[in-house]
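Participant: Compact mmCIF, C-alpha atoms, file upload31.txt:
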# COMPACT_ATOMS: atom_id res chain seq x y z
CA MET G 396 -105.51 -57.00 190.66
CA ASN G 397 -109.16 -56.45 189.76
CA LEU G 398 -109.64 -52.82 188.68
CA ALA G 399 -113.21 -53.26 187.47
CA LYS G 400 -115.64 -50.60 188.70
CA PRO G 401 -118.23 -51.76 191.23
CA GLU G 402 -121.59 -52.57 189.69
CA LEU G 403 -124.30 -49.96 190.10
CA SER G 404 -127.64 -50.84 191.65
CA PRO G 405 -130.67 -50.86 189.34
CA LEU G 406 -131.86 -47.59 190.90
CA ALA G 407 -128.45 -45.94 190.46
CA LEU G 408 -128.40 -47.08 186.83
CA ARG G 409 -131.79 -45.48 186.22
CA TYR G 410 -130.75 -42.19 187.77
CA GLN G 411 -127.03 -42.01 186.90
CA ALA G 412 -127.76 -39.30 184.32
CA PHE G 413 -128.38 -36.96 187.28
CA ASP G 414 -124.63 -37.10 187.99
CA MET G 415 -124.15 -34.99 184.87
CA LEU G 416 -126.24 -32.15 186.36
CA ALA G 417 -124.97 -29.21 188.41
CA THR G 418 -128.35 -29.19 190.16
CA LEU G 419 -128.58 -30.98 193.51
CA VAL G 420 -130.78 -34.07 193.14
CA ALA G 421 -131.91 -36.78 195.57
CA VAL G 422 -134.32 -39.65 195.14
CA VAL G 423 -136.05 -40.57 198.40
CA ASP G 424 -138.79 -42.94 199.51
CA THR G 425 -142.01 -41.68 201.05
CA GLN G 426 -140.34 -41.71 204.50
CA ALA G 427 -137.64 -39.27 203.25
CA ARG G 428 -134.91 -41.95 203.30
CA VAL G 429 -132.32 -41.29 200.60
CA CYS G 430 -132.22 -43.93 197.87
CA PHE G 431 -129.94 -41.99 195.52
CA ALA G 432 -127.95 -38.74 195.68
CA ASN G 433 -126.16 -37.25 192.70
CA THR G 434 -122.56 -36.04 192.71
CA ALA G 435 -123.52 -32.37 193.03
CA LEU G 436 -125.48 -33.07 196.22
CA GLU G 437 -122.59 -35.10 197.65
CA ASP G 438 -120.21 -32.21 197.00
CA MET G 439 -122.53 -29.58 198.45
CA LEU G 440 -123.27 -31.53 201.63
CA GLY G 441 -119.71 -32.77 202.06
CA VAL G 442 -121.10 -36.27 202.64
CA SER G 443 -120.41 -39.34 200.49
CA ARG G 444 -123.18 -41.05 198.55
CA ARG G 445 -122.64 -44.20 200.57
CA ALA G 446 -123.13 -42.31 203.84
CA LEU G 447 -126.28 -40.65 202.49
CA GLN G 448 -127.77 -43.97 201.40
CA GLY G 449 -130.62 -44.77 203.79
CA ALA G 450 -130.20 -41.52 205.77
CA SER G 451 -133.14 -39.19 206.23
CA LEU G 452 -133.08 -36.11 204.01
CA LEU G 453 -135.02 -34.35 206.78
CA ASP G 454 -131.74 -34.23 208.74
CA TYR G 455 -130.22 -32.00 206.04
CA LEU G 456 -133.14 -29.62 205.39
CA SER G 457 -134.98 -26.98 207.35
CA GLU G 458 -138.76 -26.80 206.93
CA ALA G 459 -138.94 -30.54 207.63
CA GLU G 460 -142.70 -30.41 208.17
CA THR G 461 -143.27 -29.12 204.64
CA LEU G 462 -141.24 -31.94 203.11
CA THR G 463 -142.92 -34.54 205.35
CA GLN G 464 -146.36 -33.39 204.20
CA ALA G 465 -145.23 -33.30 200.57
CA LEU G 466 -144.00 -36.89 200.78
CA ALA G 467 -147.27 -37.96 202.39
CA ASP G 468 -149.20 -36.31 199.56
CA ALA G 469 -146.92 -37.93 197.00
CA ASP G 470 -147.67 -41.31 198.55
CA LYS G 471 -151.37 -40.62 197.94
CA TYR G 472 -150.83 -39.15 194.43
CA ARG G 473 -152.25 -35.78 195.50
CA PHE G 474 -149.86 -33.54 193.53
CA SER G 475 -147.61 -33.46 190.50
CA ALA G 476 -144.97 -31.10 191.93
CA LEU G 477 -144.43 -28.88 194.95
CA ARG G 478 -142.04 -25.95 195.37
CA TYR G 479 -140.89 -24.19 198.53
CA ASP G 480 -137.82 -22.51 200.04
CA ALA G 481 -135.63 -24.03 202.75
CA ARG G 482 -132.05 -24.12 203.96
CA LEU G 483 -129.64 -26.99 203.33
CA LEU G 484 -127.47 -27.98 206.30
CA ARG G 485 -123.95 -28.95 205.26
CA ALA G 486 -121.44 -31.17 207.08
CA ASN G 487 -119.44 -28.11 208.23
CA GLN G 488 -122.61 -26.72 209.89
CA GLU G 489 -122.97 -23.98 207.28
CA THR G 490 -126.38 -23.52 205.70
CA THR G 491 -127.23 -22.74 202.09
CA PRO G 492 -130.61 -21.31 201.02
CA VAL G 493 -132.23 -23.55 198.41
CA HIS G 494 -135.41 -23.70 196.39
CA VAL G 495 -136.87 -27.20 196.82
CA ILE G 496 -138.84 -28.93 194.06
CA VAL G 497 -140.61 -32.15 195.05
CA ALA G 498 -141.97 -34.38 192.26
CA PRO G 499 -142.99 -38.04 191.90
CA GLY G 500 -140.24 -40.40 190.74
CA GLU G 501 -140.35 -43.17 188.16
CA GLN G 502 -141.60 -45.74 190.66
CA ALA G 503 -144.64 -45.41 192.92
CA ASP G 504 -142.55 -45.41 196.11
CA GLU G 505 -139.94 -42.94 194.85
CA VAL G 506 -139.94 -39.13 195.11
CA LEU G 507 -137.57 -36.85 193.25
CA ILE G 508 -136.13 -33.91 195.25
CA GLU G 509 -134.39 -31.12 193.31
CA LEU G 510 -132.52 -28.43 195.28
CA LEU G 511 -131.58 -25.14 193.61
CA PRO G 512 -129.09 -23.03 195.62
CA GLN G 513 -130.36 -19.49 195.94
CA GLU G 514 -127.08 -17.71 195.25
CA GLN G 515 -128.78 -14.39 194.78
CA GLN G 516 -130.53 -14.66 198.12
CA ALA G 517 -127.31 -15.74 199.80
CA ARG G 518 -125.54 -12.76 198.30
CA GLN G 519 -128.33 -10.45 199.48
CA ASP G 520 -128.10 -11.83 203.00
CA ARG G 521 -124.35 -11.28 202.96
CA GLU G 522 -124.78 -7.71 201.71
CA ASP G 523 -127.34 -6.97 204.40
CA ARG G 524 -124.95 -8.20 207.06
CA MET G 525 -122.13 -6.10 205.64
CA VAL G 526 -124.25 -2.94 205.49
CA SER G 527 -125.56 -3.47 209.03
CA GLN G 528 -122.05 -4.19 210.26
CA ALA G 529 -120.69 -1.06 208.57
CA GLN G 530 -123.38 1.10 210.17
CA ALA G 531 -122.71 -0.40 213.59
CA ASN G 532 -118.96 0.08 213.12
CA LYS G 533 -119.53 3.70 212.11
CA GLU G 534 -121.45 4.47 215.30
CA LEU G 535 -118.96 2.55 217.43
CA ILE G 536 -115.99 4.39 215.93
CA ARG G 537 -117.56 7.80 216.40
CA ASN G 538 -118.47 7.15 220.01
CA LEU G 539 -115.16 5.50 220.85
CA ALA G 540 -113.09 8.19 219.15
CA HIS G 541 -114.83 11.00 221.01
CA GLU G 542 -114.49 9.14 224.31
CA ILE G 543 -110.75 8.75 223.70
CA LYS G 544 -110.03 12.30 222.52
CA ASN G 545 -110.91 14.17 225.71
CA PRO G 546 -108.81 12.19 228.23
CA LEU G 547 -106.03 11.92 225.64
CA GLY G 548 -105.71 15.70 225.49
CA GLY G 549 -105.60 15.83 229.28
CA ILE G 550 -102.88 13.18 229.47
CA ARG G 551 -100.75 15.01 226.90
CA GLY G 552 -101.19 18.38 228.60
CA ALA G 553 -100.38 16.96 232.03
CA ALA G 554 -97.21 15.33 230.68
CA GLN G 555 -96.06 18.65 229.19
CA LEU G 556 -96.71 20.51 232.46
CA LEU G 557 -94.87 17.82 234.40
CA GLU G 558 -91.92 18.06 232.02
CA MET G 559 -91.63 21.80 232.76
CA GLU G 560 -91.36 21.08 236.50
CA ILE G 561 -88.78 18.28 236.22
CA GLU G 562 -85.11 19.20 236.23
CA SER G 563 -83.71 15.72 235.65
CA ARG G 564 -83.02 15.06 231.97
CA GLU G 565 -83.48 11.32 232.49
CA LEU G 566 -86.98 11.83 233.90
CA THR G 567 -88.05 14.15 231.09
CA GLU G 568 -87.45 11.26 228.66
CA TYR G 569 -90.44 9.53 230.25
CA THR G 570 -92.70 12.54 229.84
CA GLN G 571 -91.61 12.80 226.20
CA VAL G 572 -92.62 9.16 225.69
CA ILE G 573 -96.07 9.99 227.09
CA VAL G 574 -96.40 12.97 224.72
CA ARG G 575 -95.29 10.97 221.67
CA GLU G 576 -97.65 8.08 222.42
CA ALA G 577 -100.52 10.49 223.03
CA ASP G 578 -99.80 12.07 219.63
CA ARG G 579 -99.73 8.62 218.02
CA LEU G 580 -103.11 7.75 219.50
CA GLN G 581 -104.47 11.14 218.42
CA THR G 582 -103.39 10.39 214.85
CA LEU G 583 -105.15 7.02 215.01
CA VAL G 584 -108.34 8.66 216.29
CA ASP G 585 -108.18 11.27 213.51
CA ARG G 586 -107.84 8.49 210.93
CA LEU G 587 -110.86 6.71 212.39
CA LEU G 588 -112.93 9.90 212.16
CA ALA G 589 -111.55 11.07 208.79
CA PRO G 590 -114.13 9.44 206.45
CA HIS G 591 -117.00 10.84 208.51
CA ARG G 592 -115.58 14.38 208.71
CA ARG G 593 -114.50 14.93 205.12
CA PRO G 594 -117.22 16.35 202.84
CA HIS G 595 -118.33 14.24 199.87
CA VAL G 596 -116.95 16.16 196.84
CA VAL G 597 -118.86 15.07 193.74
CA SER G 598 -117.63 15.43 190.16
CA ASP G 599 -117.55 13.44 186.92
CA VAL G 600 -115.37 10.37 187.48
CA ASN G 601 -113.70 8.14 184.91
CA ILE G 602 -112.97 4.90 186.74
CA HIS G 603 -109.96 4.19 184.52
CA GLU G 604 -108.32 7.43 185.64
CA VAL G 605 -108.76 6.15 189.20
CA CYS G 606 -107.18 2.80 188.23
CA GLU G 607 -104.25 4.46 186.45
CA ARG G 608 -103.51 6.69 189.43
CA VAL G 609 -103.55 3.67 191.75
CA ARG G 610 -101.42 1.66 189.34
CA SER G 611 -98.76 4.40 189.25
CA LEU G 612 -98.66 4.66 193.05
CA ILE G 613 -98.35 0.90 193.56
CA LEU G 614 -95.60 0.50 190.96
CA ALA G 615 -93.71 3.46 192.44
CA GLU G 616 -93.67 1.71 195.83
CA PHE G 617 -93.04 -1.79 194.45
CA PRO G 618 -90.93 -1.21 191.31
CA ARG G 619 -89.52 -4.76 191.05
CA GLY G 620 -91.08 -8.20 191.11
CA LEU G 621 -94.68 -6.94 190.81
CA ARG G 622 -96.73 -6.55 187.64
CA VAL G 623 -99.99 -4.56 187.66
CA GLN G 624 -102.07 -5.72 184.71
CA ARG G 625 -104.86 -3.68 183.09
CA ASP G 626 -108.06 -5.37 181.93
CA TYR G 627 -110.42 -2.51 181.19
CA ASP G 628 -113.83 -2.27 179.58
CA THR G 629 -113.42 1.07 177.82
CA SER G 630 -117.18 1.32 177.16
CA LEU G 631 -117.83 2.19 180.82
CA PRO G 632 -119.36 5.66 181.11
CA GLU G 633 -118.34 8.38 183.53
CA PHE G 634 -120.42 8.74 186.67
CA ARG G 635 -120.86 11.20 189.51
CA GLY G 636 -118.61 10.47 192.46
CA ASP G 637 -115.80 11.60 194.73
CA PHE G 638 -112.59 11.10 192.75
CA GLU G 639 -110.23 11.31 195.74
CA GLN G 640 -112.32 8.95 197.88
CA LEU G 641 -112.41 6.35 195.11
CA ILE G 642 -108.65 6.59 194.60
CA GLN G 643 -108.16 6.03 198.33
CA ALA G 644 -110.56 3.07 198.37
CA VAL G 645 -108.93 1.29 195.43
CA LEU G 646 -105.44 2.17 196.65
CA ASN G 647 -106.13 0.67 200.09
CA ILE G 648 -107.21 -2.61 198.49
CA ALA G 649 -104.36 -2.71 195.99
CA HIS G 650 -101.78 -1.79 198.63
CA ASN G 651 -103.01 -4.59 200.90
CA ALA G 652 -102.73 -6.96 197.95
CA ALA G 653 -99.16 -5.85 197.26
CA LEU G 654 -98.17 -6.38 200.89
CA ALA G 655 -99.74 -9.86 200.82
CA LEU G 656 -97.65 -10.62 197.71
CA SER G 657 -94.30 -10.06 199.47
CA GLU G 658 -93.06 -13.62 198.86
CA ARG G 659 -94.11 -13.61 195.22
CA ILE G 660 -92.50 -10.17 194.75
CA GLN G 661 -89.22 -11.69 195.92
CA GLN G 662 -89.74 -14.52 193.40
CA GLY G 663 -90.57 -11.99 190.69
CA ASP G 664 -93.99 -13.38 189.70
CA ALA G 665 -96.39 -11.22 191.74
CA LEU G 666 -99.44 -10.06 189.80
CA ILE G 667 -102.27 -7.62 190.53
CA THR G 668 -105.02 -7.26 187.94
CA LEU G 669 -107.27 -4.21 187.72
CA ARG G 670 -110.38 -5.32 185.82
CA THR G 671 -113.45 -3.22 184.98
CA ARG G 672 -116.76 -4.54 183.68
CA VAL G 673 -120.38 -3.50 183.27
CA ALA G 674 -122.91 -5.46 185.35
CA ARG G 675 -126.56 -5.45 184.32
CA GLN G 676 -129.65 -5.77 186.53
CA THR G 677 -127.62 -5.74 189.74
CA THR G 678 -129.03 -5.61 193.26
CA VAL G 679 -127.07 -3.63 195.86
CA SER G 680 -128.44 -3.15 199.38
CA LYS G 681 -131.92 -4.31 198.32
CA GLN G 682 -132.03 -1.83 195.45
CA ARG G 683 -132.18 -2.96 191.82
CA PHE G 684 -130.00 -1.07 189.33
CA ARG G 685 -130.13 -1.42 185.57
CA LEU G 686 -126.38 -0.86 185.23
CA ALA G 687 -123.47 -1.00 187.65
CA LEU G 688 -119.72 -0.70 187.50
CA GLU G 689 -117.67 -3.68 188.65
CA LEU G 690 -114.02 -3.02 189.50
CA HIS G 691 -112.03 -6.10 190.45
CA VAL G 692 -108.67 -5.95 192.22
CA ILE G 693 -107.29 -9.46 191.80
CA ASP G 694 -104.00 -10.83 193.12
CA ASN G 695 -102.22 -14.19 193.02
CA GLY G 696 -101.21 -14.11 196.69
CA PRO G 697 -101.77 -16.60 199.51
CA GLY G 698 -105.41 -15.61 200.08
CA VAL G 699 -107.28 -14.20 203.05
CA PRO G 700 -106.92 -16.27 206.25
CA GLU G 701 -110.12 -18.15 207.11
CA ASN G 702 -110.37 -16.53 210.54
CA LEU G 703 -110.47 -13.05 208.95
CA LYS G 704 -112.95 -13.58 206.10
CA ASP G 705 -116.03 -12.67 208.12
CA ARG G 706 -114.33 -9.66 209.76
CA LEU G 707 -112.36 -8.36 206.81
CA PHE G 708 -114.01 -4.93 206.68
CA SER G 709 -114.26 -4.41 210.42
CA PRO G 710 -112.11 -1.61 211.91
CA LEU G 711 -108.84 -2.46 213.66
CA VAL G 712 -108.76 -5.97 212.14
CA SER G 713 -105.50 -6.73 210.36
CA GLY G 714 -103.90 -9.87 209.00
CA ARG G 715 -100.32 -8.64 209.30
CA ASP G 716 -98.03 -7.41 212.03
CA GLY G 717 -97.99 -3.64 212.30
CA GLY G 718 -101.18 -3.17 210.30
CA SER G 719 -103.68 -0.60 211.56
CA GLY G 720 -106.71 -2.56 210.35
CA LEU G 721 -108.26 0.62 208.90
CA GLY G 722 -107.55 0.33 205.18
CA LEU G 723 -110.38 -1.99 204.12
CA ASN G 724 -112.82 -0.44 206.58
CA LEU G 725 -112.18 3.00 205.07
CA ALA G 726 -112.45 1.57 201.55
CA GLN G 727 -115.84 0.03 202.34
CA THR G 728 -117.02 3.33 203.90
CA PHE G 729 -116.00 5.35 200.84
CA VAL G 730 -117.64 2.92 198.41
CA GLN G 731 -120.85 2.82 200.46
CA GLN G 732 -120.98 6.60 200.20
CA HIS G 733 -121.35 5.93 196.43
CA GLN G 734 -124.31 3.55 197.09
CA GLY G 735 -121.92 0.68 196.39
CA LEU G 736 -120.35 -2.24 198.15
CA ILE G 737 -117.08 -4.19 198.27
CA GLU G 738 -117.12 -7.99 198.30
CA CYS G 739 -114.25 -10.43 198.57
CA ASP G 740 -113.78 -13.97 197.25
CA SER G 741 -110.49 -15.57 198.23
CA VAL G 742 -108.76 -18.91 197.89
CA PRO G 743 -105.01 -19.58 198.01
CA GLY G 744 -103.51 -18.21 194.80
CA LEU G 745 -106.49 -16.00 193.88
CA THR G 746 -108.06 -13.16 195.84
CA ASP G 747 -110.70 -11.00 194.17
CA PHE G 748 -111.96 -7.78 195.76
CA LYS G 749 -114.98 -6.63 193.77
CA ILE G 750 -116.19 -3.03 194.02
CA VAL G 751 -119.76 -2.56 192.75
CA ILE G 752 -121.04 0.99 192.15
CA PRO G 753 -124.41 1.75 190.48
CA LEU G 754 -124.30 3.70 187.23
CA PRO G 755 -126.90 6.23 186.06
Please go through the file and, once you have read it, give me the structure as structure tokens.

Facilitator:
Amino acid sequence: MNLAKPELSPLALRYQAFDMLATLVAVVDTQARVCFANTALEDMLGVSRRALQGASLLDYLSEAETLTQALADADKYRFSALRYDARLLRANQETTPVHVIVAPGEQADEVLIELLPQEQQARQDREDRMVSQAQANKELIRNLAHEIKNPLGGIRGAAQLLEMEIESRELTEYTQVIVREADRLQTLVDRLLAPHRRPHVVSDVNIHEVCERVRSLILAEFPRGLRVQRDYDTSLPEFRGDFEQLIQAVLNIAHNAALALSERIQQGDALITLRTRVARQTTVSKQRFRLALELHVIDNGPGVPENLKDRLFSPLVSGRDGGSGLGLNLAQTFVQQHQGLIECDSVPGLTDFKIVIPLP
């Protein structure tokens, strides 16, 4: 059996050093046909190098006119380098914002394209969507809750009056069901309105006191099979905030994590990590802050289902049977009242909820 590696083309040999880069690199001709793509670009696009060979890079980039003009200018030696912003279209139809750098290649008919993913911009776009979604959810919840409350009170009152007129014990069981269900719905409505009714009580907050309170509550409910690990940066200063709201926000996240760890708790290797760090020069909701607190709630559970990732903080969205779908929505509301935001990165075996709160 011949296990020798296939020979590389002369062009691939000249540019194989680009495979060592994390930057996305393509070498194209003046018609935008791909002559070479490095490993990082293959991975980002989800397309093999062989499939990219000879394909038009214009099919994978927005702002095609800009690139077409740049290649035409390169063919006439009119520039040394050109930079612009575009979006990279991946095989799964997702787009990634990139900064494009166009420069002449080693040969006259070659052009070097360097693509730098704009992670910061992508993060900002995601934050904007989350803030807009939270505001829309807030208005929806308020309107919906008030629309439900009035007829709910009428239904409950009518059931009680009807029960007083009925002599049959069997029939009064039905009216009692109506009253109990009306009370259950009233409780749900009150929970929906709770974060918007309760005043914001501000005091000096030590985030590690919040973490320790949450840790005690979680271990009291899950005393066996679950370890809650501390990883604190003790240099973090106190800040002004609502102590009880922050406890509730972190507890909601940690409790969800513990419930997701049910199988690992049975195996005895469930782990939740509470990690605090200082972040510098952080942007939250289009505002730049010199310092910010980062609190990570990390678990080794199965991860967030793909179909829930984009709706994780929406109200009444739950990934488990019997869940109200309010815990993460309330947590996001409470953190936003501190000018902060909650983000989530999740893969099987590692889920990281990151709370970011600006520091003075």

Participant: Determine the nearest neighbour of G:Ser657 from the options G:Leu621, G:Cys739, G:Leu723, G:Val572, counting all atoms listed in the file.

Facilitator: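 Smallest separation from G:Ser657 among the options: G:Leu621.
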
Participant: Please produce, as JSON lines, a per-residue contact table for stretch 410-466 of chain G versus stretch 486-510 of chain G (criterion: any atom at most 10 Å away, all atoms listed in the file considered), showing the nearest atom pair and its distance in Å to one decimal, sorted by chain then residue number.

Facilitator:
{"residue": "G:Tyr410", "atom": "CA", "partner": "G:Glu501", "partner_atom": "CA", "distance": 9.7}
{"residue": "G:Thr418", "atom": "CA", "partner": "G:Leu510", "partner_atom": "CA", "distance": 6.6}
{"residue": "G:Leu419", "atom": "CA", "partner": "G:Leu510", "partner_atom": "CA", "distance": 5.0}
{"residue": "G:Val420", "atom": "CA", "partner": "G:Glu509", "partner_atom": "CA", "distance": 4.7}
{"residue": "G:Ala421", "atom": "CA", "partner": "G:Ile508", "partner_atom": "CA", "distance": 5.1}
{"residue": "G:Val422", "atom": "CA", "partner": "G:Leu507", "partner_atom": "CA", "distance": 4.7}
{"residue": "G:Val423", "atom": "CA", "partner": "G:Val506", "partner_atom": "CA", "distance": 5.3}
{"residue": "G:Asp424", "atom": "CA", "partner": "G:Glu505", "partner_atom": "CA", "distance": 4.8}
{"residue": "G:Thr425", "atom": "CA", "partner": "G:Asp504", "partner_atom": "CA", "distance": 6.2}
{"residue": "G:Gln426", "atom": "CA", "partner": "G:Asp504", "partner_atom": "CA", "distance": 9.4}
{"residue": "G:Ala427", "atom": "CA", "partner": "G:Val506", "partner_atom": "CA", "distance": 8.5}
{"residue": "G:Arg428", "atom": "CA", "partner": "G:Glu505", "partner_atom": "CA", "distance": 9.9}
{"residue": "G:Val429", "atom": "CA", "partner": "G:Val506", "partner_atom": "CA", "distance": 9.6}
{"residue": "G:Cys430", "atom": "CA", "partner": "G:Glu505", "partner_atom": "CA", "distance": 8.3}
{"residue": "G:Phe431", "atom": "CA", "partner": "G:Leu507", "partner_atom": "CA", "distance": 9.5}
{"residue": "G:Ala432", "atom": "CA", "partner": "G:Ile508", "partner_atom": "CA", "distance": 9.5}
{"residue": "G:Leu436", "atom": "CA", "partner": "G:Leu510", "partner_atom": "CA", "distance": 8.5}
{"residue": "G:Met439", "atom": "CA", "partner": "G:Ala486", "partner_atom": "CA", "distance": 8.8}
{"residue": "G:Leu440", "atom": "CA", "partner": "G:Ala486", "partner_atom": "CA", "distance": 5.8}
{"residue": "G:Gly441", "atom": "CA", "partner": "G:Ala486", "partner_atom": "CA", "distance": 5.5}
{"residue": "G:Val442", "atom": "CA", "partner": "G:Ala486", "partner_atom": "CA", "distance": 6.8}
{"residue": "G:Leu452", "atom": "CA", "partner": "G:Ile508", "partner_atom": "CA", "distance": 9.5}
{"residue": "G:Tyr455", "atom": "CA", "partner": "G:Ala486", "partner_atom": "CA", "distance": 8.9}
{"residue": "G:Leu456", "atom": "CA", "partner": "G:Thr490", "partner_atom": "CA", "distance": 9.1}
{"residue": "G:Ser457", "atom": "CA", "partner": "G:Thr490", "partner_atom": "CA", "distance": 9.4}
{"residue": "G:Leu462", "atom": "CA", "partner": "G:Val497", "partner_atom": "CA", "distance": 8.1}
{"residue": "G:Ala465", "atom": "CA", "partner": "G:Val497", "partner_atom": "CA", "distance": 7.3}
{"residue": "G:Leu466", "atom": "CA", "partner": "G:Val506", "partner_atom": "CA", "distance": 7.3}

Participant: Counting all atoms listed in the file, figure out which residue out of G:Arg485, G:His603, G:Arg564, G:Arg622 gets nearest to G:Leu656.

Facilitator: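 Checking each of G:Arg485, G:His603, G:Arg564, G:Arg622 against G:Leu656, counting all atoms listed in the file, the winner is G:Arg622.
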
Participant: Counting all atoms listed in the file, figure out which residue out of G:Lys704, G:Arg619, G:His650, G:His733 gets nearest to G:Arg635.

Facilitator: G:His733

Participant: Rounded to one decimal in Å, what is the spacing between atom CA of G:Pro512 and atom CA of G:Asn702?

Facilitator: 24.8 Å

Participant: What is the distance, in Å and to one decimal place, between atom CA of G:Asp740 and atom CA of G:Leu703?

Facilitator: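 That distance, rounded to one decimal, is 12.2 Å.
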
Participant: So how many Å separate atom CA of G:Ser630 and atom CA of G:Thr671, to one decimal?

Facilitator: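 Separation between atom CA of G:Ser630 and atom CA of G:Thr671: 9.8 Å.
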
Participant: List every protein, DNA or RNA residue with an atom no more than 6 Å from (-118.7, -0.1, 192.3) in the file's coordinates, counting all atoms listed in the file, and format the result as a count of residues only.

Facilitator: 6

Participant: Looking at all atoms listed in the file, which of G:Gln643, G:Ala655, G:Gly663, G:Asp747 is the one that sits closest to G:Val692?

Facilitator: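 Among the listed residues, the smallest separation from G:Val692 belongs to G:Asp747.
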
Participant: Excluding G:Arg575 and any residue of its chain fewer than 4 positions from it, enumerate the residues within 12 Å of it, using only C-alpha atoms, and give them as a count of residues only.

Facilitator: 14

Participant: Using only C-alpha atoms, determine which residues lie at most 12 Å from stretch 665-668 of chain G, disregarding the query and same-chain residues fewer than 5 positions distant; provide the list as an mmCIF file with C-alpha atoms, in the coordinates of the input.

Facilitator:
data_model
loop_
_atom_site.group_PDB
_atom_site.id
_atom_site.type_symbol
_atom_site.label_atom_id
_atom_site.label_comp_id
_atom_site.auth_asym_id
_atom_site.auth_seq_id
_atom_site.Cartn_x
_atom_site.Cartn_y
_atom_site.Cartn_z
ATOM 1 C CA CYS G 606 -107.180 2.800 188.230
ATOM 2 C CA GLU G 607 -104.250 4.460 186.450
ATOM 3 C CA VAL G 609 -103.550 3.670 191.750
ATOM 4 C CA ARG G 610 -101.420 1.660 189.340
ATOM 5 C CA ILE G 613 -98.350 0.900 193.560
ATOM 6 C CA LEU G 614 -95.600 0.500 190.960
ATOM 7 C CA PHE G 617 -93.040 -1.790 194.450
ATOM 8 C CA PRO G 618 -90.930 -1.210 191.310
ATOM 9 C CA ARG G 619 -89.520 -4.760 191.050
ATOM 10 C CA GLY G 620 -91.080 -8.200 191.110
ATOM 11 C CA LEU G 621 -94.680 -6.940 190.810
ATOM 12 C CA ARG G 622 -96.730 -6.550 187.640
ATOM 13 C CA VAL G 623 -99.990 -4.560 187.660
ATOM 14 C CA GLN G 624 -102.070 -5.720 184.710
ATOM 15 C CA ARG G 625 -104.860 -3.680 183.090
ATOM 16 C CA ASP G 626 -108.060 -5.370 181.930
ATOM 17 C CA TYR G 627 -110.420 -2.510 181.190
ATOM 18 C CA LEU G 646 -105.440 2.170 196.650
ATOM 19 C CA ILE G 648 -107.210 -2.610 198.490
ATOM 20 C CA ALA G 649 -104.360 -2.710 195.990
ATOM 21 C CA HIS G 650 -101.780 -1.790 198.630
ATOM 22 C CA ASN G 651 -103.010 -4.590 200.900
ATOM 23 C CA ALA G 652 -102.730 -6.960 197.950
ATOM 24 C CA ALA G 653 -99.160 -5.850 197.260
ATOM 25 C CA LEU G 654 -98.170 -6.380 200.890
ATOM 26 C CA ALA G 655 -99.740 -9.860 200.820
ATOM 27 C CA LEU G 656 -97.650 -10.620 197.710
ATOM 28 C CA SER G 657 -94.300 -10.060 199.470
ATOM 29 C CA GLU G 658 -93.060 -13.620 198.860
ATOM 30 C CA ARG G 659 -94.110 -13.610 195.220
ATOM 31 C CA ILE G 660 -92.500 -10.170 194.750
ATOM 32 C CA LEU G 690 -114.020 -3.020 189.500
ATOM 33 C CA HIS G 691 -112.030 -6.100 190.450
ATOM 34 C CA VAL G 692 -108.670 -5.950 192.220
ATOM 35 C CA ILE G 693 -107.290 -9.460 191.800
ATOM 36 C CA ASP G 694 -104.000 -10.830 193.120
ATOM 37 C CA ASN G 695 -102.220 -14.190 193.020
ATOM 38 C CA GLY G 696 -101.210 -14.110 196.690
ATOM 39 C CA PRO G 697 -101.770 -16.600 199.510
ATOM 40 C CA GLY G 744 -103.510 -18.210 194.800
ATOM 41 C CA LEU G 745 -106.490 -16.000 193.880
ATOM 42 C CA THR G 746 -108.060 -13.160 195.840
ATOM 43 C CA ASP G 747 -110.700 -11.000 194.170
ATOM 44 C CA PHE G 748 -111.960 -7.780 195.760
ATOM 45 C CA LYS G 749 -114.980 -6.630 193.770
#

Participant: Considering all atoms listed in the file, state which residue in the set G:Met559, G:Leu669, G:Leu754, G:Ala615 is at the smallest distance from G:Phe684.

Facilitator: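 Looking at the shortest contact to G:Phe684, the residue is G:Leu754.
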
Participant: Set the distance at 9 Å and use all atoms listed in the file: which residues neighbour G:Glu633 once local chain neighbours fewer than 3 positions away are removed? I'd like the list as a list in words.

Facilitator: Asp599, Val600, Asn601, Ile602 and Leu754 of chain G

Participant: When you count only C-alpha atoms, which of these residues is closest to G:Pro546: G:Ile561, G:Val605, G:Leu641, G:Ala577?

Facilitator: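 Looking only at the distances to G:Pro546, the closest residue turns out to be G:Ala577.
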